[in-house]
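Notes follow the structure.
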Amino acid sequence: MTAVLESEVITKTFSGIQALSDVSIRVDAGERVGLIGPNGAGKTTFFNCLLGILAPDSGTVQFQGRDISSYPVHKRARAGIGRTFQRIELFSDTSVREHLLIAERVHNGTGAFWKDLIGLGRPRRDEIDRCDDVLDLLGLLDLADEPIEALSLGQGRLVEVGRALMTEPTLLLLDEPSSGLDRDETTALATTLRAVQAEKGFAILLVEHDVELVADFTERLYVLDFGSLIAEGPTASTLAMPAVRHAYLGNLEVSDG
């Protein structure tokens, strides 16, 4: 398969403490890949190196065969890397549709925020249609004009996904999307993500603490512990490895189904 993302021997230290040590992963086109590990394992640091928020001390990030290690955050986003946040990041006093419209204009470089704020940057019909197409795909079209404060947490998570989809990503990085959701909301989120991925064809790299979601949703898995990869492979067999259970899962039973 064609690699969408390849990190090669990413290393990062902070004040002499090694947060990442030679971390290499690969995500192929259309895949759903998981990244797990206990608190402090280096997952967030690694995500930030992929996104350009942090510069690794050594190693490279390849995206669709191109070395993007020197790219700033916005250039990586425009190259085709979308993301959501562990802590939900939504703007107050805006509607659901406006969240997607902001992402559309930032991606295309057409947004002058001061004009939008004073009402001079009215959306064009084609911009509205693009936003509504994504909202419809996520099952949120009926809420397009609702204030963001009126949404449930699960719906807010989907708005974040929609905002990322407006950038037309080839790869979507999901940072603990189930955080704060109950089991039914998590199941609904996973179902929607599968359907949207099938429609759009992007790859997913998921960082997640919810092992049931990881087991059910991902096809392959990488496991970090103390900044180093300790396991990788198909999700079910990787979760069953003694080293993974010792580092992360304890005695938790994971279903193969």
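A note on labels: chains of the structure tokens are A, B, ... as shown, every chain counts residues from 1, and ligands are counted from 1 in their shown order.
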
For this session: Check region 32-250 of chain A with DSSP on the backbone and list each residue it calls alpha helix (DSSP H), as an MDAnalysis selection string.
Result: chainID A and resid 43:51 73:79 96:108 113:117 125:137 153:165 183:200 211:217 235:239 242:244

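Non-sequential neighbours of Pro38 (chain A) (distance at most 12 Å, separation of 4 or more positions within a chain, only C-alpha atoms) are Gly42, Lys43, Thr44, Val207, Glu208, His209, Asp210, Val211, Val223, Leu224, Asp225, Phe226, Gly227, Ser228, Ile230, Val244, Arg245, His246, Ala247, Tyr248, Leu249 and Gly250 of chain A.
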
For this session: Rank A:Leu141, A:Met166, A:Val159, A:Leu239 by their smallest atom-to-atom distance to Ala215 (chain A), using only C-alpha atoms, and report the top residue only.
Result: A:Leu239

Exercise. Within 9 Å of region 9-15 of chain A, counting only C-alpha atoms, which residues qualify if same-chain residues fewer than 2 places away don't, as a list in words?
Worked result: Ser7, Ile17, Gln18, Ala19, Leu20, Ser21, Asp22, Val23, Ser24, Ile25, Thr45, Phe46, Cys49, Leu54, Ala55, Pro56, Asp57, Ser58, Gly59, Thr60, Val61 and Gly227 of chain A

For this session: Give the answer as one residue: which of A:Gly82, A:Gly37, A:Pro177, A:Gly16 has the shortest atom-to-atom distance to Ala231 (chain A), using only C-alpha atoms?
Result: A:Gly37

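The nearest approach to Asp67 (chain A) among the residues A:Ala144, A:Ala79, A:Ala188, A:Ile204, with only C-alpha atoms taken into account, belongs to A:Ala79.
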
For this session: Pick out each residue of region 14-232 of chain A that DSSP on the backbone tags as strand (DSSP E); I need them as an NGL selection string.
Result: :A and (14 or 17-28 or 32-36 or 58-63 or 66-67 or 81-83 or 171-175 or 203-207 or 220-225 or 228-232)

Extract, using only C-alpha atoms, all DNA, RNA and protein residues at most 9 Å from Leu153 (chain A), discarding same-chain residues fewer than 4 positions from it, and format them as a compact mmCIF listing (two decimals) with C-alpha atoms, in the first residue's frame.
```
# COMPACT_ATOMS: atom_id res chain seq x y z
CA ILE A 88 -12.64 20.26 22.76
CA ARG A 157 -16.84 16.36 18.90
CA LEU A 158 -18.48 15.87 15.50
CA GLY A 180 -15.77 13.04 28.10
CA LEU A 181 -18.19 10.89 26.09
CA GLU A 185 -21.80 8.63 22.41
```

For this session: Could you give me, as a PyMOL selection string, the residues within 8 Å of Ala103 (chain A), counting only C-alpha atoms and dropping anything in the same chain fewer than 5 positions from it?
Result: chain A and resi 163-164+166-167

Deliver the residues from the most recent selection as a file, using N, CA, C and O atoms, as a compact mmCIF listing (two decimals), in the first residue's frame.
```
# COMPACT_ATOMS: atom_id res chain seq x y z
N ARG A 163 -14.94 20.40 11.14
CA ARG A 163 -13.99 21.49 10.90
C ARG A 163 -12.71 20.95 10.27
O ARG A 163 -12.16 21.56 9.35
N ALA A 164 -12.25 19.81 10.74
CA ALA A 164 -11.06 19.20 10.15
C ALA A 164 -11.33 18.75 8.71
O ALA A 164 -10.47 18.88 7.83
N MET A 166 -13.17 20.13 6.54
CA MET A 166 -13.21 21.26 5.62
C MET A 166 -11.84 21.52 4.99
O MET A 166 -11.75 22.18 3.95
N THR A 167 -10.78 21.02 5.59
CA THR A 167 -9.44 21.18 5.03
C THR A 167 -9.13 20.09 4.00
O THR A 167 -8.01 20.05 3.49
```

Problem set entry | Contacts of Ala195 (chain A) within 12 Å, only C-alpha atoms, excl. fewer than 4 positions in-chain, as a ChimeraX atom specification | /A:136-139,188-191,199-202,217

For this session: Tell me, in Å to one decimal, how far CA of Gly65 (chain A) is from CA of Glu219 (chain A).
Result: 22.1 Å

Problem set entry | Residues within 8 Å of Leu165 (chain A), only C-alpha atoms, excluding chain neighbours under 3 positions, as a ChimeraX atom specification | /A:82,134,161-162,168-169

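If you look at CA of Val4 (chain A) and CA of Val73 (chain A), they are 17.2 Å away from each other.
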